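Engineer: What follows is my_file_27.cif, made up of mmCIF, C-alpha atoms and all ligand atoms:
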data_start
loop_
_atom_site.label_atom_id
_atom_site.label_comp_id
_atom_site.auth_asym_id
_atom_site.auth_seq_id
_atom_site.Cartn_x
_atom_site.Cartn_y
_atom_site.Cartn_z
CA MET A 1 0.00 0.00 0.00
CA THR A 2 1.36 3.39 -0.90
CA ALA A 3 0.12 6.47 0.87
CA PRO A 4 -0.86 9.30 -1.45
CA PRO A 5 2.03 11.75 -1.64
CA THR A 6 1.29 14.81 0.43
CA ARG A 7 1.16 17.86 -1.74
CA SER A 8 3.05 20.85 -0.46
CA ARG A 9 0.93 23.60 0.89
CA VAL A 10 0.51 26.98 -0.75
CA LEU A 11 -1.03 30.15 0.62
CA SER A 12 -1.52 33.47 -1.08
CA GLY A 13 -3.88 36.39 -0.87
CA PHE A 14 -4.94 39.78 -2.08
CA ARG A 15 -6.33 42.86 -0.44
CA PRO A 16 -9.85 43.70 -1.62
CA THR A 17 -9.23 47.43 -2.02
CA GLY A 18 -10.80 47.81 -5.48
CA PRO A 19 -11.44 46.10 -8.79
CA MET A 20 -8.87 43.61 -10.10
CA HIS A 21 -7.24 44.17 -13.49
CA ILE A 22 -5.75 42.12 -16.33
CA GLY A 23 -2.30 42.43 -14.73
CA HIS A 24 -3.61 40.43 -11.77
CA LEU A 25 -5.03 37.84 -14.15
CA VAL A 26 -1.79 37.15 -16.02
CA GLY A 27 0.53 37.95 -13.12
CA ALA A 28 -1.08 36.00 -10.30
CA LEU A 29 -4.40 34.29 -10.98
CA GLU A 30 -3.23 32.20 -13.94
CA ASN A 31 -0.37 30.97 -11.80
CA TRP A 32 -2.71 30.11 -8.92
CA VAL A 33 -4.97 28.21 -11.31
CA ARG A 34 -1.98 26.07 -12.31
CA LEU A 35 -0.89 25.57 -8.70
CA GLN A 36 -4.27 24.24 -7.59
CA GLU A 37 -3.66 21.18 -9.80
CA SER A 38 -0.46 20.16 -8.06
CA HIS A 39 -0.53 21.72 -4.58
CA GLU A 40 -2.80 22.04 -1.57
CA CYS A 41 -3.77 25.67 -2.03
CA TYR A 42 -5.35 28.26 0.25
CA PHE A 43 -6.30 31.60 -1.27
CA ALA A 44 -7.40 34.37 1.06
CA ILE A 45 -9.27 37.58 0.41
CA CYS A 46 -7.51 39.67 3.04
CA ASP A 47 -10.16 42.11 4.19
CA TRP A 48 -8.34 42.87 7.45
CA HIS A 49 -5.30 43.85 5.42
CA ALA A 50 -7.50 46.21 3.41
CA LEU A 51 -8.52 47.84 6.68
CA THR A 52 -4.92 48.57 7.71
CA SER A 53 -4.93 51.48 5.24
CA ASP A 54 -8.59 51.87 4.21
CA TYR A 55 -10.06 51.93 7.70
CA GLU A 56 -12.01 55.16 7.42
CA ASP A 57 -14.50 54.38 4.69
CA THR A 58 -15.45 50.72 4.83
CA GLY A 59 -18.63 51.20 2.81
CA ARG A 60 -17.43 49.39 -0.31
CA LEU A 61 -15.35 46.68 1.33
CA LYS A 62 -18.03 43.97 1.26
CA ALA A 63 -18.72 44.58 -2.42
CA TYR A 64 -15.01 44.42 -3.23
CA VAL A 65 -14.73 41.12 -1.38
CA LEU A 66 -17.55 39.54 -3.40
CA GLU A 67 -16.24 41.00 -6.63
CA MET A 68 -12.80 39.58 -5.90
CA ALA A 69 -14.25 36.14 -5.24
CA THR A 70 -16.17 36.36 -8.51
CA ASP A 71 -13.01 37.28 -10.42
CA TRP A 72 -11.07 34.42 -8.84
CA LEU A 73 -13.75 31.90 -9.76
CA ALA A 74 -14.00 33.33 -13.28
CA ALA A 75 -10.24 32.99 -13.65
CA GLY A 76 -10.63 29.27 -13.01
CA LEU A 77 -9.97 28.75 -9.31
CA ASP A 78 -12.05 25.69 -8.52
CA PRO A 79 -13.47 25.26 -5.01
CA GLU A 80 -13.15 21.48 -5.51
CA LYS A 81 -9.40 21.88 -5.94
CA CYS A 82 -8.43 24.75 -3.66
CA THR A 83 -9.72 26.57 -0.60
CA LEU A 84 -11.05 30.09 -1.20
CA PHE A 85 -12.00 32.14 1.81
CA VAL A 86 -12.25 35.55 3.42
CA GLN A 87 -9.59 36.24 6.04
CA SER A 88 -11.95 37.74 8.64
CA ARG A 89 -14.07 34.55 8.55
CA VAL A 90 -11.10 32.64 9.99
CA PRO A 91 -10.44 34.28 13.37
CA GLU A 92 -7.41 31.99 13.97
CA HIS A 93 -5.45 34.44 11.78
CA ALA A 94 -6.13 37.13 14.38
CA GLU A 95 -5.16 34.94 17.29
CA LEU A 96 -1.86 33.98 15.69
CA HIS A 97 -1.26 37.61 14.74
CA LEU A 98 -1.67 38.58 18.39
CA LEU A 99 0.69 35.90 19.64
CA LEU A 100 3.31 36.68 17.00
CA SER A 101 3.10 40.37 17.88
CA MET A 102 4.61 39.48 21.27
CA ILE A 103 7.84 38.20 19.72
CA VAL A 104 8.38 40.63 16.85
CA PRO A 105 10.84 43.39 17.71
CA LEU A 106 9.59 46.80 16.58
CA PRO A 107 12.73 47.58 14.53
CA TRP A 108 11.97 44.57 12.29
CA LEU A 109 8.74 46.29 11.31
CA GLU A 110 10.09 49.81 11.06
CA ARG A 111 12.77 48.72 8.60
CA VAL A 112 10.38 47.02 6.15
CA PRO A 113 10.88 49.14 3.00
CA THR A 114 7.18 49.33 2.12
CA TYR A 115 6.39 50.78 5.53
CA LYS A 116 8.17 54.12 5.23
CA GLU A 117 7.61 54.29 1.46
CA GLN A 118 3.86 53.91 1.69
CA GLN A 119 3.63 56.32 4.60
CA GLN A 120 5.36 58.93 2.46
CA GLN A 121 3.61 58.14 -0.82
CA VAL A 122 0.08 57.84 0.44
CA ALA A 123 -0.57 61.49 1.22
CA ASN A 124 -4.37 61.41 1.50
CA ARG A 125 -4.46 59.07 4.52
CA ASP A 126 -2.77 58.86 7.88
CA LEU A 127 -0.86 55.59 7.99
CA GLY A 128 0.54 56.19 11.47
CA ASN A 129 -1.85 53.60 12.87
CA TYR A 130 -0.83 50.52 14.84
CA GLY A 131 -2.50 48.13 12.38
CA PHE A 132 -0.52 49.44 9.42
CA LEU A 133 2.80 48.88 11.19
CA GLY A 134 1.64 45.36 11.99
CA TYR A 135 0.62 44.62 8.39
CA PRO A 136 3.52 42.18 7.77
CA VAL A 137 2.87 40.39 11.09
CA LEU A 138 -0.72 39.77 10.03
CA GLN A 139 0.57 38.57 6.66
CA ALA A 140 2.97 36.20 8.44
CA ALA A 141 0.03 34.90 10.50
CA ASP A 142 -1.94 34.29 7.25
CA ILE A 143 0.87 32.10 5.98
CA LEU A 144 2.03 30.40 9.17
CA VAL A 145 -1.45 29.52 10.45
CA TYR A 146 -1.58 26.95 7.58
CA ARG A 147 2.08 26.03 8.02
CA ALA A 148 2.31 26.84 4.31
CA GLU A 149 5.57 26.07 2.53
CA LEU A 150 5.12 28.11 -0.62
CA VAL A 151 3.80 31.61 -1.14
CA PRO A 152 3.26 32.78 -4.72
CA VAL A 153 3.72 36.56 -4.67
CA GLY A 154 5.01 39.42 -6.75
CA GLU A 155 8.47 40.82 -6.16
CA ASP A 156 7.05 43.71 -4.15
CA GLN A 157 6.16 41.18 -1.43
CA LEU A 158 9.62 39.66 -0.97
CA ALA A 159 10.49 41.82 2.05
CA HIS A 160 7.27 40.70 3.76
CA LEU A 161 8.11 37.08 3.02
CA GLU A 162 11.61 37.46 4.45
CA LEU A 163 10.13 38.93 7.61
CA CYS A 164 7.68 36.04 7.81
CA ARG A 165 10.61 33.61 7.71
CA GLU A 166 12.40 35.53 10.46
CA ILE A 167 9.28 35.42 12.60
CA ALA A 168 8.92 31.67 12.01
CA ARG A 169 12.58 31.12 12.99
CA ARG A 170 12.19 33.19 16.13
CA PHE A 171 9.03 31.37 17.17
CA ASN A 172 10.64 27.97 16.57
CA ALA A 173 13.76 28.99 18.49
CA LEU A 174 11.75 30.21 21.48
CA TYR A 175 9.06 27.53 21.72
CA GLY A 176 10.12 24.58 19.59
CA GLN A 177 9.66 23.67 15.97
CA VAL A 178 6.12 24.41 14.83
CA PHE A 179 6.43 26.35 11.59
CA PRO A 180 8.18 25.50 8.32
CA GLU A 181 9.99 28.48 6.81
CA PRO A 182 7.87 29.42 3.81
CA GLN A 183 9.48 30.10 0.45
CA ALA A 184 8.36 32.77 -1.97
CA LEU A 185 7.33 31.58 -5.42
CA THR A 186 7.85 34.54 -7.71
CA THR A 187 6.59 34.37 -11.26
CA ARG A 188 8.58 35.82 -14.05
CA THR A 189 5.56 37.44 -15.72
CA PRO A 190 6.62 40.97 -16.55
CA ARG A 191 4.58 43.77 -15.08
CA LEU A 192 1.96 45.05 -17.47
CA PRO A 193 1.92 48.77 -18.21
CA GLY A 194 -1.33 50.68 -17.78
CA THR A 195 -2.94 52.95 -20.35
CA ASP A 196 -0.69 55.87 -19.34
CA GLY A 197 2.50 53.82 -19.66
CA ARG A 198 3.14 53.56 -15.91
CA LYS A 199 2.80 50.19 -14.18
CA MET A 200 -0.82 49.06 -14.25
CA SER A 201 -2.31 49.80 -10.87
CA LYS A 202 -5.73 50.46 -9.45
CA SER A 203 -4.40 53.49 -7.60
CA TYR A 204 -3.15 55.14 -10.83
CA GLY A 205 -6.50 54.87 -12.61
CA ASN A 206 -4.72 53.39 -15.66
CA ALA A 207 -5.92 49.81 -15.39
CA ILE A 208 -7.87 47.59 -17.72
CA ASN A 209 -10.19 46.00 -15.22
CA LEU A 210 -11.51 42.48 -15.26
CA ALA A 211 -14.97 44.04 -14.91
CA ASP A 212 -14.59 46.23 -18.03
CA ASP A 213 -16.83 45.22 -20.92
CA PRO A 214 -15.28 44.73 -24.39
CA GLU A 215 -16.34 48.22 -25.56
CA ARG A 216 -14.66 49.86 -22.57
CA ILE A 217 -11.50 47.82 -23.15
CA ARG A 218 -11.47 48.89 -26.81
CA GLN A 219 -11.72 52.54 -25.79
CA LYS A 220 -8.93 52.18 -23.26
CA ILE A 221 -6.57 50.48 -25.72
CA LEU A 222 -7.35 52.85 -28.58
CA THR A 223 -6.57 55.88 -26.40
CA MET A 224 -3.54 54.30 -24.74
CA VAL A 225 -0.18 56.11 -24.79
CA THR A 226 2.32 54.95 -27.43
CA ASP A 227 5.93 55.85 -28.19
CA PRO A 228 5.73 59.57 -27.30
CA ALA A 229 8.27 60.44 -30.02
CA ARG A 230 6.00 59.04 -32.72
CA LYS A 231 3.83 62.06 -33.47
CA ARG A 232 2.78 61.45 -37.07
CA ARG A 233 1.86 58.29 -38.93
CA THR A 234 4.96 58.76 -41.10
CA ASP A 235 7.35 58.94 -38.11
CA PRO A 236 9.10 55.65 -37.38
CA GLY A 237 8.38 54.38 -33.85
CA ASN A 238 10.32 52.49 -31.22
CA PRO A 239 8.46 49.48 -29.79
CA ASP A 240 11.02 49.17 -27.00
CA VAL A 241 9.65 52.30 -25.32
CA CYS A 242 6.00 51.73 -26.25
CA PRO A 243 3.62 50.32 -23.61
CA VAL A 244 1.29 49.01 -26.34
CA PHE A 245 4.15 46.79 -27.47
CA ASP A 246 4.52 45.40 -23.93
CA LEU A 247 0.87 44.34 -24.13
CA HIS A 248 1.58 42.70 -27.51
CA ARG A 249 4.35 40.76 -25.81
CA ALA A 250 1.90 39.56 -23.16
CA PHE A 251 -1.08 38.73 -25.38
CA SER A 252 -0.17 38.47 -29.08
CA ASP A 253 1.42 35.56 -30.90
CA LYS A 254 5.05 35.46 -31.98
CA ARG A 255 4.30 36.35 -35.59
CA THR A 256 2.34 39.47 -34.66
CA ILE A 257 5.00 40.58 -32.20
CA GLU A 258 7.73 40.26 -34.84
CA HIS A 259 5.58 41.96 -37.46
CA VAL A 260 4.83 44.94 -35.19
CA ASP A 261 8.46 45.14 -34.10
CA VAL A 262 9.65 45.45 -37.71
CA GLU A 263 6.84 47.56 -39.18
CA CYS A 264 6.68 50.08 -36.33
CA ARG A 265 10.36 50.90 -36.72
CA ARG A 266 9.94 51.72 -40.40
CA ALA A 267 6.55 53.42 -40.10
CA GLY A 268 5.02 50.54 -42.02
CA ILE A 269 2.15 50.31 -39.56
CA GLY A 270 0.18 53.03 -37.76
CA CYS A 271 -0.53 53.01 -34.05
CA ILE A 272 -4.27 52.55 -34.54
CA ASP A 273 -3.70 49.47 -36.72
CA CYS A 274 -1.19 48.21 -34.22
CA LYS A 275 -3.70 48.61 -31.39
CA LYS A 276 -6.41 46.89 -33.40
CA GLU A 277 -4.09 43.94 -33.89
CA LEU A 278 -3.54 43.87 -30.15
CA LEU A 279 -7.30 43.88 -29.56
CA GLY A 280 -7.54 41.00 -32.02
CA HIS A 281 -5.54 38.94 -29.51
CA LEU A 282 -6.63 40.49 -26.22
CA GLU A 283 -10.37 40.16 -26.90
CA PRO A 284 -10.40 36.42 -27.59
CA PHE A 285 -8.03 35.89 -24.66
CA LEU A 286 -10.47 37.63 -22.29
CA ALA A 287 -13.74 36.35 -23.81
CA PRO A 288 -13.92 33.01 -21.95
CA PHE A 289 -13.03 34.77 -18.70
CA GLN A 290 -15.75 37.36 -19.29
CA GLU A 291 -18.31 34.66 -20.03
CA ARG A 292 -17.52 32.79 -16.84
CA ARG A 293 -17.54 36.03 -14.90
CA ALA A 294 -21.02 36.89 -16.19
CA ALA A 295 -22.21 33.41 -15.20
CA TRP A 296 -20.85 33.78 -11.65
CA LEU A 297 -22.39 37.25 -11.35
CA ARG A 298 -25.78 35.66 -11.90
CA GLN A 299 -25.30 33.41 -8.84
CA PRO A 300 -24.08 35.56 -5.95
CA GLY A 301 -25.62 33.09 -3.47
CA ARG A 302 -23.37 30.34 -4.82
CA VAL A 303 -20.29 32.56 -4.48
CA ALA A 304 -21.19 33.31 -0.86
CA GLU A 305 -21.64 29.55 -0.20
CA ILE A 306 -18.23 28.79 -1.69
CA LEU A 307 -16.61 31.36 0.58
CA ALA A 308 -18.45 30.02 3.63
CA ALA A 309 -17.41 26.44 2.85
CA GLY A 310 -13.85 27.62 2.22
CA ALA A 311 -13.72 29.33 5.61
CA ARG A 312 -14.98 26.17 7.33
CA LYS A 313 -12.26 24.12 5.66
CA ALA A 314 -9.60 26.73 6.40
CA ARG A 315 -10.62 26.84 10.07
CA VAL A 316 -9.99 23.12 10.47
CA GLU A 317 -6.36 23.51 9.36
CA ALA A 318 -5.83 26.84 11.11
CA GLY A 319 -7.35 25.39 14.28
CA ALA A 320 -4.96 22.43 14.18
CA THR A 321 -1.99 24.78 13.91
CA MET A 322 -3.30 26.94 16.76
CA SER A 323 -3.53 23.90 19.05
CA ARG A 324 0.14 23.26 18.39
CA VAL A 325 1.00 26.93 18.87
CA ARG A 326 -0.83 27.17 22.20
CA ALA A 327 0.77 23.95 23.41
CA ALA A 328 4.23 25.13 22.35
CA MET A 329 3.71 28.43 24.19
CA LYS A 330 2.18 26.63 27.18
CA ILE A 331 -1.06 28.59 27.04
CA ASP A 332 -3.19 25.57 26.21
N1 LIG B 401 0.33 41.83 1.13
C1 LIG B 401 -0.20 41.14 -0.01
C2 LIG B 401 -0.34 42.12 -1.17
O1 LIG B 401 -0.49 43.30 -0.96
C3 LIG B 401 -1.54 40.51 0.27
C4 LIG B 401 -1.44 39.43 1.29
C5 LIG B 401 -2.02 39.44 2.53
C6 LIG B 401 -0.74 38.22 1.15
N2 LIG B 401 -1.72 38.29 3.17
C7 LIG B 401 -0.95 37.51 2.37
C8 LIG B 401 0.03 37.66 0.12
C9 LIG B 401 -0.34 36.28 2.58
C10 LIG B 401 0.63 36.41 0.36
C11 LIG B 401 0.43 35.73 1.58
O2 LIG B 401 -0.36 41.69 -2.30
FE1 LIG B 402 3.60 51.46 -30.25
FE2 LIG B 402 2.48 49.97 -32.10
FE3 LIG B 402 2.56 52.65 -32.38
FE4 LIG B 402 4.76 51.20 -32.58
S1 LIG B 402 3.00 51.10 -33.94
S2 LIG B 402 4.53 53.11 -31.43
S3 LIG B 402 4.44 49.57 -31.10
S4 LIG B 402 1.45 51.49 -30.83
#
Show me, as structure tokens, the structure contained in the file I just sent.

Structural biologist:
Amino acid sequence: MTAPPTRSRVLSGFRPTGPMHIGHLVGALENWVRLQESHECYFAICDWHALTSDYEDTGRLKAYVLEMATDWLAAGLDPEKCTLFVQSRVPEHAELHLLLSMIVPLPWLERVPTYKEQQQQVANRDLGNYGFLGYPVLQAADILVYRAELVPVGEDQLAHLELCREIARRFNALYGQVFPEPQALTTRTPRLPGTDGRKMSKSYGNAINLADDPERIRQKILTMVTDPARKRRTDPGNPDVCPVFDLHRAFSDKRTIEHVDVECRRAGIGCIDCKKELLGHLEPFLAPFQERRAAWLRQPGRVAEILAAGARKARVEAGATMSRVRAAMKID
């Protein structure tokens, strides 16, 4: 008799602070959809993390949570294969966060690069709150409460992951081995540019959202910035500095990419034609997603059930870890 091989455990999450965009789809969700086939995956909608910065106006949070779940399901996350849940429905995350907060030295948190950066960049909100400083401790609790081994994240999260490993080491050294040290799984998908040429981001207002209908996407692409030096149709362009070309690289086939690369440089193709070719690839790529999304939108009750079942499943695993944590700390 051979026991089934245990699949290594994966946890990742997103903050429901607004609509998701196509960069999330190709950067993260497609990767998660692959991982659910081979790993034991937990995917969390981190509403408490959203509150660390967006604590004042919580009016839209619930809608963002449901929209995020809908997008995840439309992308192909399958509740039969992975566990999808909302962080605040699994209070064990909060308990572990509290216990970890006892052993995390303040300087570890103050030196996280995103901490000072965000405080300076985000001018319209006061991020001097306790919860915001503790953001990475809560993130570590999200990961460690499942004793997850792998954490698929973007490069911007590597500092948080490193801190999580330090916290795990410190806990194990103080109370005995409970946590594996989780590894980051970074994908090499290049960042997509937004319609203004900067990195696609919900906070820049330059994103092509997963909720946008085909007409809206067409408008956004057709008015997107191109090589700024290419003013007239007869000017040769430079695809290397053109954000539209980056989208070709992500969505078009090899032939189209080569064709655009050559013809742009010798003014053989205009930007409008070039964008229409891009739409010719982007639209069919997104169509099946959009169809599934529309289908899930028609059954919000089912989405809520999936999240509730996911939280029940997550609580079993998180509860098992917490028993070990309490025993290790002798507070059981
Ligand atoms: N901080 C992550 C982000 O902004 C979101 C997140 C919260 C997360 N908890 C997590 C990611 C746990 C990975 C694992 O993208
Ligand atoms: Fe960019 Fe295409 Fe115009 Fe070249 S032809 S500048 S790649 S949009």

Engineer: Can you pull out every residue within 8 Å of Ala28 of chain A, counting all atoms listed in the file, but drop anything in the same chain fewer than 5 positions away, and send it as an MDAnalysis selection string?

Structural biologist: chainID A and resid 23 152:154 187

Engineer: Go ahead and fit an axis-aligned box to every listed atom of segment 270-284 of chain A plus 8 Å each side, and pass me the centre and edge lengths in Å, one decimal, as JSON.

Structural biologist:
{"center_x": -5.1, "center_y": 44.7, "center_z": -32.0, "size_x": 26.6, "size_y": 32.6, "size_z": 27.5}

Engineer: Which residue out of A:Val122, A:Leu66, A:Val137, A:Val90 has the minimum interatomic distance to Gly319 of chain A when only C-alpha atoms are used?

Structural biologist: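 Of the candidates, the smallest distance to Gly319 of chain A is held by A:Val90.
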
Engineer: Report the distance between atom CA of Tyr130 of chain A and atom CA of Tyr204 of chain A in Å, rounded to one decimal place.

Structural biologist: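 Here the two named atoms are 26.2 Å from each other.
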
Engineer: What's the separation between atom CA of Thr195 of chain A and atom CA of Ile208 of chain A, in Å to one decimal place?

Structural biologist: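 We find that atom CA of Thr195 of chain A and atom CA of Ile208 of chain A lie 7.7 Å from each other.
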
Engineer: Counting all atoms listed in the file, figure out which residue out of A:Ile331, A:Ile221, A:Leu138, A:Val65 gets nearest to Ala207 of chain A.

Structural biologist: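 Checking each of A:Ile331, A:Ile221, A:Leu138, A:Val65 against Ala207 of chain A, counting all atoms listed in the file, the winner is A:Ile221.
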
Engineer: Could you tell me how far atom CA of Asp332 of chain A lies from atom CA of Arg315 of chain A, in Å and to one decimal?

Structural biologist: 17.8 Å

Engineer: Which residue, A:Pro91, A:Pro136, A:Gly194, A:Pro19, has the smallest gap to ligand LIG 401 (chain B) when you use all atoms listed in the file?

Structural biologist: A:Pro136

Engineer: Give me, as JSON lines, each residue of chain A that comes within 12 Å of ligand LIG 402 (chain B), together with its shortest interatomic pair and the distance in Å at one decimal, counting all atoms listed in the file, with rows ordered by chain and rising residue number.

Structural biologist:
{"residue": "A:Thr195", "atom": "CA", "partner": "B:LIG402", "partner_atom": "S4", "distance": 11.5}
{"residue": "A:Gly197", "atom": "CA", "partner": "B:LIG402", "partner_atom": "FE1", "distance": 10.9}
{"residue": "A:Ile221", "atom": "CA", "partner": "B:LIG402", "partner_atom": "S4", "distance": 9.6}
{"residue": "A:Leu222", "atom": "CA", "partner": "B:LIG402", "partner_atom": "S4", "distance": 9.2}
{"residue": "A:Thr223", "atom": "CA", "partner": "B:LIG402", "partner_atom": "S4", "distance": 10.2}
{"residue": "A:Met224", "atom": "CA", "partner": "B:LIG402", "partner_atom": "S4", "distance": 8.4}
{"residue": "A:Val225", "atom": "CA", "partner": "B:LIG402", "partner_atom": "S4", "distance": 7.8}
{"residue": "A:Thr226", "atom": "CA", "partner": "B:LIG402", "partner_atom": "FE1", "distance": 4.7}
{"residue": "A:Asp227", "atom": "CA", "partner": "B:LIG402", "partner_atom": "S2", "distance": 4.5}
{"residue": "A:Pro228", "atom": "CA", "partner": "B:LIG402", "partner_atom": "S2", "distance": 7.8}
{"residue": "A:Ala229", "atom": "CA", "partner": "B:LIG402", "partner_atom": "S2", "distance": 8.3}
{"residue": "A:Arg230", "atom": "CA", "partner": "B:LIG402", "partner_atom": "S2", "distance": 6.2}
{"residue": "A:Lys231", "atom": "CA", "partner": "B:LIG402", "partner_atom": "S2", "distance": 9.2}
{"residue": "A:Arg232", "atom": "CA", "partner": "B:LIG402", "partner_atom": "FE3", "distance": 10.0}
{"residue": "A:Arg233", "atom": "CA", "partner": "B:LIG402", "partner_atom": "FE3", "distance": 8.7}
{"residue": "A:Thr234", "atom": "CA", "partner": "B:LIG402", "partner_atom": "S1", "distance": 10.7}
{"residue": "A:Asp235", "atom": "CA", "partner": "B:LIG402", "partner_atom": "S2", "distance": 9.3}
{"residue": "A:Pro236", "atom": "CA", "partner": "B:LIG402", "partner_atom": "FE4", "distance": 7.9}
{"residue": "A:Gly237", "atom": "CA", "partner": "B:LIG402", "partner_atom": "S2", "distance": 4.7}
{"residue": "A:Asn238", "atom": "CA", "partner": "B:LIG402", "partner_atom": "S2", "distance": 5.8}
{"residue": "A:Pro239", "atom": "CA", "partner": "B:LIG402", "partner_atom": "S3", "distance": 4.2}
{"residue": "A:Asp240", "atom": "CA", "partner": "B:LIG402", "partner_atom": "S3", "distance": 7.8}
{"residue": "A:Val241", "atom": "CA", "partner": "B:LIG402", "partner_atom": "FE1", "distance": 7.8}
{"residue": "A:Cys242", "atom": "CA", "partner": "B:LIG402", "partner_atom": "FE1", "distance": 4.7}
{"residue": "A:Pro243", "atom": "CA", "partner": "B:LIG402", "partner_atom": "FE1", "distance": 6.7}
{"residue": "A:Val244", "atom": "CA", "partner": "B:LIG402", "partner_atom": "S4", "distance": 5.1}
{"residue": "A:Phe245", "atom": "CA", "partner": "B:LIG402", "partner_atom": "S3", "distance": 4.6}
{"residue": "A:Asp246", "atom": "CA", "partner": "B:LIG402", "partner_atom": "S3", "distance": 8.3}
{"residue": "A:Leu247", "atom": "CA", "partner": "B:LIG402", "partner_atom": "S3", "distance": 9.4}
{"residue": "A:His248", "atom": "CA", "partner": "B:LIG402", "partner_atom": "S3", "distance": 8.3}
{"residue": "A:Arg249", "atom": "CA", "partner": "B:LIG402", "partner_atom": "S3", "distance": 10.3}
{"residue": "A:Thr256", "atom": "CA", "partner": "B:LIG402", "partner_atom": "FE2", "distance": 10.8}
{"residue": "A:Ile257", "atom": "CA", "partner": "B:LIG402", "partner_atom": "S3", "distance": 9.1}
{"residue": "A:Glu258", "atom": "CA", "partner": "B:LIG402", "partner_atom": "S3", "distance": 10.6}
{"residue": "A:His259", "atom": "CA", "partner": "B:LIG402", "partner_atom": "S3", "distance": 10.0}
{"residue": "A:Val260", "atom": "CA", "partner": "B:LIG402", "partner_atom": "S3", "distance": 6.2}
{"residue": "A:Asp261", "atom": "CA", "partner": "B:LIG402", "partner_atom": "S3", "distance": 6.7}
{"residue": "A:Val262", "atom": "CA", "partner": "B:LIG402", "partner_atom": "FE4", "distance": 9.1}
{"residue": "A:Glu263", "atom": "CA", "partner": "B:LIG402", "partner_atom": "S1", "distance": 7.4}
{"residue": "A:Cys264", "atom": "CA", "partner": "B:LIG402", "partner_atom": "FE4", "distance": 4.4}
{"residue": "A:Arg265", "atom": "CA", "partner": "B:LIG402", "partner_atom": "FE4", "distance": 7.0}
{"residue": "A:Arg266", "atom": "CA", "partner": "B:LIG402", "partner_atom": "FE4", "distance": 9.4}
{"residue": "A:Ala267", "atom": "CA", "partner": "B:LIG402", "partner_atom": "S1", "distance": 7.5}
{"residue": "A:Gly268", "atom": "CA", "partner": "B:LIG402", "partner_atom": "S1", "distance": 8.3}
{"residue": "A:Ile269", "atom": "CA", "partner": "B:LIG402", "partner_atom": "S1", "distance": 5.7}
{"residue": "A:Gly270", "atom": "CA", "partner": "B:LIG402", "partner_atom": "S1", "distance": 5.1}
{"residue": "A:Cys271", "atom": "CA", "partner": "B:LIG402", "partner_atom": "FE3", "distance": 3.5}
{"residue": "A:Ile272", "atom": "CA", "partner": "B:LIG402", "partner_atom": "S4", "distance": 6.9}
{"residue": "A:Asp273", "atom": "CA", "partner": "B:LIG402", "partner_atom": "S1", "distance": 7.4}
{"residue": "A:Cys274", "atom": "CA", "partner": "B:LIG402", "partner_atom": "FE2", "distance": 4.6}
{"residue": "A:Lys275", "atom": "CA", "partner": "B:LIG402", "partner_atom": "S4", "distance": 5.9}
{"residue": "A:Lys276", "atom": "CA", "partner": "B:LIG402", "partner_atom": "S4", "distance": 9.5}
{"residue": "A:Glu277", "atom": "CA", "partner": "B:LIG402", "partner_atom": "FE2", "distance": 9.1}
{"residue": "A:Leu278", "atom": "CA", "partner": "B:LIG402", "partner_atom": "FE2", "distance": 8.8}
{"residue": "A:Leu279", "atom": "CA", "partner": "B:LIG402", "partner_atom": "S4", "distance": 11.7}

Engineer: For the residues in that selection, give me C-alpha atoms as a short mmCIF file (atom, residue, chain, number, x, y, z; two decimals), in the coordinates of the input.

Structural biologist:
data_model
loop_
_atom_site.label_atom_id
_atom_site.label_comp_id
_atom_site.auth_asym_id
_atom_site.auth_seq_id
_atom_site.Cartn_x
_atom_site.Cartn_y
_atom_site.Cartn_z
CA THR A 195 -2.94 52.95 -20.35
CA GLY A 197 2.50 53.82 -19.66
CA ILE A 221 -6.57 50.48 -25.72
CA LEU A 222 -7.35 52.85 -28.58
CA THR A 223 -6.57 55.88 -26.40
CA MET A 224 -3.54 54.30 -24.74
CA VAL A 225 -0.18 56.11 -24.79
CA THR A 226 2.32 54.95 -27.43
CA ASP A 227 5.93 55.85 -28.19
CA PRO A 228 5.73 59.57 -27.30
CA ALA A 229 8.27 60.44 -30.02
CA ARG A 230 6.00 59.04 -32.72
CA LYS A 231 3.83 62.06 -33.47
CA ARG A 232 2.78 61.45 -37.07
CA ARG A 233 1.86 58.29 -38.93
CA THR A 234 4.96 58.76 -41.10
CA ASP A 235 7.35 58.94 -38.11
CA PRO A 236 9.10 55.65 -37.38
CA GLY A 237 8.38 54.38 -33.85
CA ASN A 238 10.32 52.49 -31.22
CA PRO A 239 8.46 49.48 -29.79
CA ASP A 240 11.02 49.17 -27.00
CA VAL A 241 9.65 52.30 -25.32
CA CYS A 242 6.00 51.73 -26.25
CA PRO A 243 3.62 50.32 -23.61
CA VAL A 244 1.29 49.01 -26.34
CA PHE A 245 4.15 46.79 -27.47
CA ASP A 246 4.52 45.40 -23.93
CA LEU A 247 0.87 44.34 -24.13
CA HIS A 248 1.58 42.70 -27.51
CA ARG A 249 4.35 40.76 -25.81
CA THR A 256 2.34 39.47 -34.66
CA ILE A 257 5.00 40.58 -32.20
CA GLU A 258 7.73 40.26 -34.84
CA HIS A 259 5.58 41.96 -37.46
CA VAL A 260 4.83 44.94 -35.19
CA ASP A 261 8.46 45.14 -34.10
CA VAL A 262 9.65 45.45 -37.71
CA GLU A 263 6.84 47.56 -39.18
CA CYS A 264 6.68 50.08 -36.33
CA ARG A 265 10.36 50.90 -36.72
CA ARG A 266 9.94 51.72 -40.40
CA ALA A 267 6.55 53.42 -40.10
CA GLY A 268 5.02 50.54 -42.02
CA ILE A 269 2.15 50.31 -39.56
CA GLY A 270 0.18 53.03 -37.76
CA CYS A 271 -0.53 53.01 -34.05
CA ILE A 272 -4.27 52.55 -34.54
CA ASP A 273 -3.70 49.47 -36.72
CA CYS A 274 -1.19 48.21 -34.22
CA LYS A 275 -3.70 48.61 -31.39
CA LYS A 276 -6.41 46.89 -33.40
CA GLU A 277 -4.09 43.94 -33.89
CA LEU A 278 -3.54 43.87 -30.15
CA LEU A 279 -7.30 43.88 -29.56
#
